[in-house]
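Input: a single structure, listed below in structure tokens.
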Amino acid sequence: MSPDEGPRETDETTSSSPPADAGGDDPFGDPVAVGDAPVEEDPDPGLGIGETPPGESAVDTTRSPEGTAVASRERGLLSRRHAFAGVAAFTVVALALRLVALGGRIFHWDEGRVGYWILRYHETGIHEYRPIVHGPFLPIVNDWLFALAPVSDFLARFPVAVVGGLLPLSVWLFRERLRNVELVALAALFALNPLAVYYSRFMRNDVLVAVFAFAALGFVVRGFDTGRLRYAFPAALSLGLGFTTKENAILYVLCFLGAGAVLADHRLLAARARGEAARSVVGRWRAAIRTRLLAHGPTPRASLGRVLGVAVGSLALFVGVVLFFYAPRPDLWQMFAAPSQIPGVLDAGTVGAAEKFTDTWAGGSHQDHPYLPYLGDLAETLVYGAPAVIAFGLLGVVIDRYGLREGGQRELVSFATYWAIASLFGYPIATDIQAPWAGVHVVVPLAIPAAVGVGFVVSSARDALDARDAISVGLAAVVVLAAFSGAVAANATYFNTASEENREVLQWAQPANDLKPTMEAAGAVSAANEGTDVLFVGTSAPGSDNEVFYVRNESSLRTAPPGGPAWHDRLPLPWYLEKHNATVTSSPPDETLRALAEAPPVVITKDYDRDEVSEELSGYTVFEHDFRLWNDRVVVYIDTERLREVAPERVEEGTQI
């Protein structure tokens, strides 16, 4: 595996829906009429591109003859106001699950790598995009946070936890596409899914890009449902932020385009089955678009002008966000004093960044690996980390696909299904290591049909209750309670875990949690020391000629790129040492004895060198810890007298030599 990737929204509203005669050929989609109240009319039509013609229903019930009866029953099950309260409540739950004890788990290898270079940027003010550590969102945002509060594991993970915790709230953008109970179910799935929770408590970009891309899609759908152009701006902002987090944002765009193309194909085939020519369908789509464009403008030219203006503005917003984050620092600030630098900074933040991405990910060798083991690893992660999403997702796909519920098939559910399938079979190709965090990109789309499955079970229970069918009510209750309790139990198990027992959800390069207090103590000793603080004993693993821990020139680690595989073998320890400003050195494998003769107060080595190092040291307290989930251990020696001064309780927890 590559060392750079981890060894390796009254609750009734009026809609801007198209005229009822547009039927299934409305190019803006098919907002669900079942169980949802209409959309509130915006008092400001300035940016609107459509409204319900007078005398026509805001909701199209032509697709479901039983629409009125079903809508009444659905509102009785859960009102729009209660649905919003449920979504908001699960958002609060999601934030709590992600923020409580956020700093309890020791940094993972990958967190340590990115964290170290954020600290270096925070100190030097020098930063440029390096594709191997992904987008610049975390370095830029965390640099601001580190200026406001002391550096800590909690603070470093805070942006991911907050963004991940707000994912359930974005569900409200789809309120014209999902029934009220499904909205709450989707928010619950996002809030409680163990995989989403765990990696929202992890300083990595996968949750960030997933949330930003999902929100961007939500704003686009909301714009179609309301006919209001202004939603293009938050959509562009969200998508732009997604592109600043991780390069696979492009995969989300491709999935959206692919799923949209499949839905368009479905419509054309359905029209053909009705005996309509494809050009007739396209013509009706164009007429519907024209109707919307003329809704708030006196002339087509005026309406088209607004569309063009919003398109240009949203594109500029997208590019501006990308440029701001990707532009190198301090060049971005210096260009205002030296205008001659502007072209270079603009190029580096746009075209140059794209070229770096292409060279590293699109044109590199990171995808040169067998496919089936990666697919199997992803599937295993989903089984352990998202069992409820899988089970309810399959149920929701069947229910929606085969019209097992009033209202018929809905395009949002089909869209999400295709998106999830593409992600499941595509990420084993796109990723360069077998890592459980890739499962997040399947969970997010699959949660939409899963919400349909949950809604079906809940509604069926309500129908059974009305029919006094105690057995069916009991079965439905068992299913829902089992899923809920399973999610609670899984979250309790995975909460801050760093155990090999949870290897299906954790990535291999995760140290044991008991290493964290040792490194905090080592950092405190280093902060109180003068001169060299830490010695890494260079070595080679048994049966290997590869050097471990030894970096020939430690000063090379002051600016990126890093000092090679030997430095990466230290991760995440450099994060804990750097935040205490420790002065670090290392010894070549063949000069261990000479280096130990003048050992600093902290010495770090691998377990297979413990005996040799212990023979040369005295007056130290020794701590040995799992350095990875399996097959790797690290030994930390801390001067006993220095340790007693900063953390006396730790002295008795180690071994004295």
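Order determines the names: the first chain of the structure tokens is A, the second B, and so forth; residues in each chain are numbered 1 upward, and ligands are numbered 1 upward as they are shown.
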Please list as a ChimeraX atom specification every residue within 9 Å of A:Leu424, counting only C-alpha atoms and excluding residues in the same chain fewer than 4 positions away. /A:375,378-379,419-420,428,439,441-442
Residue selection dump (N, CA and C atoms) as a compact mmCIF listing (two decimals), in the first residue's frame:
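out28.txt, written as the output of this step:
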```txt
# COMPACT_ATOMS: atom_id res chain seq x y z
N LEU A 375 -13.35 -4.84 -3.99
CA LEU A 375 -14.81 -4.90 -3.94
C LEU A 375 -15.27 -5.69 -2.73
N LEU A 378 -14.82 -3.62 0.44
CA LEU A 378 -15.85 -2.59 0.56
C LEU A 378 -17.18 -3.21 0.98
N ALA A 379 -17.52 -4.34 0.38
CA ALA A 379 -18.78 -5.02 0.73
C ALA A 379 -18.76 -5.44 2.20
N TRP A 419 -27.04 5.78 -8.47
CA TRP A 419 -25.86 6.43 -7.87
C TRP A 419 -25.16 5.47 -6.90
N ALA A 420 -25.94 4.81 -6.07
CA ALA A 420 -25.35 3.88 -5.10
C ALA A 420 -24.68 2.70 -5.81
N PRO A 428 -14.05 0.58 -5.83
CA PRO A 428 -12.92 -0.35 -5.82
C PRO A 428 -11.92 -0.09 -6.94
N GLY A 439 -16.69 3.34 2.11
CA GLY A 439 -18.09 2.93 2.28
C GLY A 439 -19.03 4.10 2.47
N HIS A 441 -19.26 6.67 0.74
CA HIS A 441 -19.75 7.13 -0.56
C HIS A 441 -20.84 6.22 -1.12
N VAL A 442 -21.03 5.05 -0.55
CA VAL A 442 -22.14 4.17 -0.92
C VAL A 442 -23.31 4.37 0.03
```
In stretch 257-493 of chain A, DSSP alpha helix (DSSP H) residues written as a ChimeraX atom specification: /A:257-273,278-294,300-326,331-334,342-349,351-357,371-385,387-401,411-430,440-466,470-493
From a DSSP pass on the backbone, collect the residues of stretch 479-639 of chain A flagged as strand (DSSP E) and hand them back as a count of residues only. 31
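Close contacts of A:Phe549, defined as residues with an atom at most 10 Å away when counting only C-alpha atoms, with chain neighbours fewer than 3 positions off set aside, comprise A:Leu535, A:Phe536, A:Val537, A:Gly538, A:Thr539, A:Ser540, A:Arg552, A:Gly564, A:Pro565, A:Ala566, A:Trp567, A:His568, A:Asp569, A:Arg570, A:Leu571, A:Thr585, A:Ser586, A:Ser587, A:Pro588, A:Pro589, A:Ile604, A:Thr605, A:Lys606.
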Store the residues picked out above, limited to N, CA and C atoms, as a PDB file, in the first residue's frame.
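Output saved as result_37.pdb:
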```pdb
ATOM      1  N   LEU A 535      14.578  11.316  20.142  1.00  0.00           N
ATOM      2  CA  LEU A 535      15.403  10.528  19.233  1.00  0.00           C
ATOM      3  C   LEU A 535      14.602   9.358  18.687  1.00  0.00           C
ATOM      4  N   PHE A 536      14.472   9.289  17.367  1.00  0.00           N
ATOM      5  CA  PHE A 536      13.926   8.106  16.729  1.00  0.00           C
ATOM      6  C   PHE A 536      15.101   7.194  16.371  1.00  0.00           C
ATOM      7  N   VAL A 537      15.062   5.978  16.870  1.00  0.00           N
ATOM      8  CA  VAL A 537      16.126   5.026  16.597  1.00  0.00           C
ATOM      9  C   VAL A 537      15.892   4.391  15.239  1.00  0.00           C
ATOM     10  N   GLY A 538      16.742   4.734  14.283  1.00  0.00           N
ATOM     11  CA  GLY A 538      16.611   4.172  12.954  1.00  0.00           C
ATOM     12  C   GLY A 538      16.857   2.678  12.967  1.00  0.00           C
ATOM     13  N   THR A 539      16.127   1.960  12.149  1.00  0.00           N
ATOM     14  CA  THR A 539      16.229   0.512  12.156  1.00  0.00           C
ATOM     15  C   THR A 539      15.719  -0.041  10.834  1.00  0.00           C
ATOM     16  N   SER A 540      15.807  -1.340  10.693  1.00  0.00           N
ATOM     17  CA  SER A 540      15.223  -2.049   9.560  1.00  0.00           C
ATOM     18  C   SER A 540      14.422  -3.203  10.102  1.00  0.00           C
ATOM     19  N   ARG A 552      17.548  11.289   7.052  1.00  0.00           N
ATOM     20  CA  ARG A 552      18.912  11.811   6.972  1.00  0.00           C
ATOM     21  C   ARG A 552      18.999  13.289   7.349  1.00  0.00           C
ATOM     22  N   GLY A 564      10.179  11.016   2.944  1.00  0.00           N
ATOM     23  CA  GLY A 564      10.177   9.658   2.433  1.00  0.00           C
ATOM     24  C   GLY A 564       9.494   8.658   3.335  1.00  0.00           C
ATOM     25  N   PRO A 565       9.533   7.383   2.928  1.00  0.00           N
ATOM     26  CA  PRO A 565       8.830   6.317   3.659  1.00  0.00           C
ATOM     27  C   PRO A 565       9.256   6.186   5.109  1.00  0.00           C
ATOM     28  N   ALA A 566      10.534   6.416   5.408  1.00  0.00           N
ATOM     29  CA  ALA A 566      10.996   6.271   6.788  1.00  0.00           C
ATOM     30  C   ALA A 566      10.292   7.243   7.710  1.00  0.00           C
ATOM     31  N   TRP A 567      10.035   8.463   7.234  1.00  0.00           N
ATOM     32  CA  TRP A 567       9.294   9.430   8.056  1.00  0.00           C
ATOM     33  C   TRP A 567       7.839   9.019   8.188  1.00  0.00           C
ATOM     34  N   HIS A 568       7.263   8.518   7.103  1.00  0.00           N
ATOM     35  CA  HIS A 568       5.863   8.083   7.166  1.00  0.00           C
ATOM     36  C   HIS A 568       5.682   6.952   8.175  1.00  0.00           C
ATOM     37  N   ASP A 569       6.700   6.157   8.388  1.00  0.00           N
ATOM     38  CA  ASP A 569       6.600   5.091   9.385  1.00  0.00           C
ATOM     39  C   ASP A 569       6.448   5.631  10.797  1.00  0.00           C
ATOM     40  N   ARG A 570       6.751   6.886  11.023  1.00  0.00           N
ATOM     41  CA  ARG A 570       6.606   7.474  12.355  1.00  0.00           C
ATOM     42  C   ARG A 570       5.163   7.880  12.662  1.00  0.00           C
ATOM     43  N   LEU A 571       4.370   8.082  11.635  1.00  0.00           N
ATOM     44  CA  LEU A 571       3.016   8.611  11.815  1.00  0.00           C
ATOM     45  C   LEU A 571       2.154   7.715  12.684  1.00  0.00           C
ATOM     46  N   THR A 585      15.360  14.296  16.304  1.00  0.00           N
ATOM     47  CA  THR A 585      16.469  13.783  15.525  1.00  0.00           C
ATOM     48  C   THR A 585      16.289  12.287  15.349  1.00  0.00           C
ATOM     49  N   SER A 586      17.137  11.670  14.539  1.00  0.00           N
ATOM     50  CA  SER A 586      17.061  10.229  14.334  1.00  0.00           C
ATOM     51  C   SER A 586      18.459   9.699  14.060  1.00  0.00           C
ATOM     52  N   SER A 587      18.637   8.424  14.299  1.00  0.00           N
ATOM     53  CA  SER A 587      19.955   7.810  14.122  1.00  0.00           C
ATOM     54  C   SER A 587      19.916   6.796  13.005  1.00  0.00           C
ATOM     55  N   PRO A 588      20.992   6.662  12.237  1.00  0.00           N
ATOM     56  CA  PRO A 588      21.047   5.612  11.226  1.00  0.00           C
ATOM     57  C   PRO A 588      21.018   4.247  11.896  1.00  0.00           C
ATOM     58  N   PRO A 589      20.546   3.240  11.209  1.00  0.00           N
ATOM     59  CA  PRO A 589      20.465   1.906  11.820  1.00  0.00           C
ATOM     60  C   PRO A 589      21.789   1.376  12.339  1.00  0.00           C
ATOM     61  N   ILE A 604      12.390   6.790  20.911  1.00  0.00           N
ATOM     62  CA  ILE A 604      11.313   5.999  20.309  1.00  0.00           C
ATOM     63  C   ILE A 604      11.925   4.970  19.378  1.00  0.00           C
ATOM     64  N   THR A 605      11.502   3.726  19.515  1.00  0.00           N
ATOM     65  CA  THR A 605      12.025   2.660  18.680  1.00  0.00           C
ATOM     66  C   THR A 605      10.939   1.638  18.398  1.00  0.00           C
ATOM     67  N   LYS A 606      11.262   0.658  17.576  1.00  0.00           N
ATOM     68  CA  LYS A 606      10.340  -0.445  17.309  1.00  0.00           C
ATOM     69  C   LYS A 606      10.550  -1.544  18.345  1.00  0.00           C
TER      70      LYS A 606
END
```
What does the structure give for the distance between atom CA of A:Glu645 and atom CA of A:Ala595, in Å to one decimal?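 Interatomic distance, atom CA of A:Glu645 to atom CA of A:Ala595: 24.9 Å.
Residue nearest A:Pro445 within the list A:Val383, A:Val171, A:Val636, A:Ala271: A:Val171 [criterion: smallest interatomic distance, only C-alpha atoms].
If you measure from each of A:Phe202, A:Tyr252, A:Phe324, A:Tyr550 to A:Gly103 using only C-alpha atoms, the closest one turns out to be A:Phe202.
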As number ranges by chain, please: the residues near A:Leu99 (cut-off 8 Å, only C-alpha atoms, same-chain neighbours under 6 positions excluded). A: 158, 161-162, 201
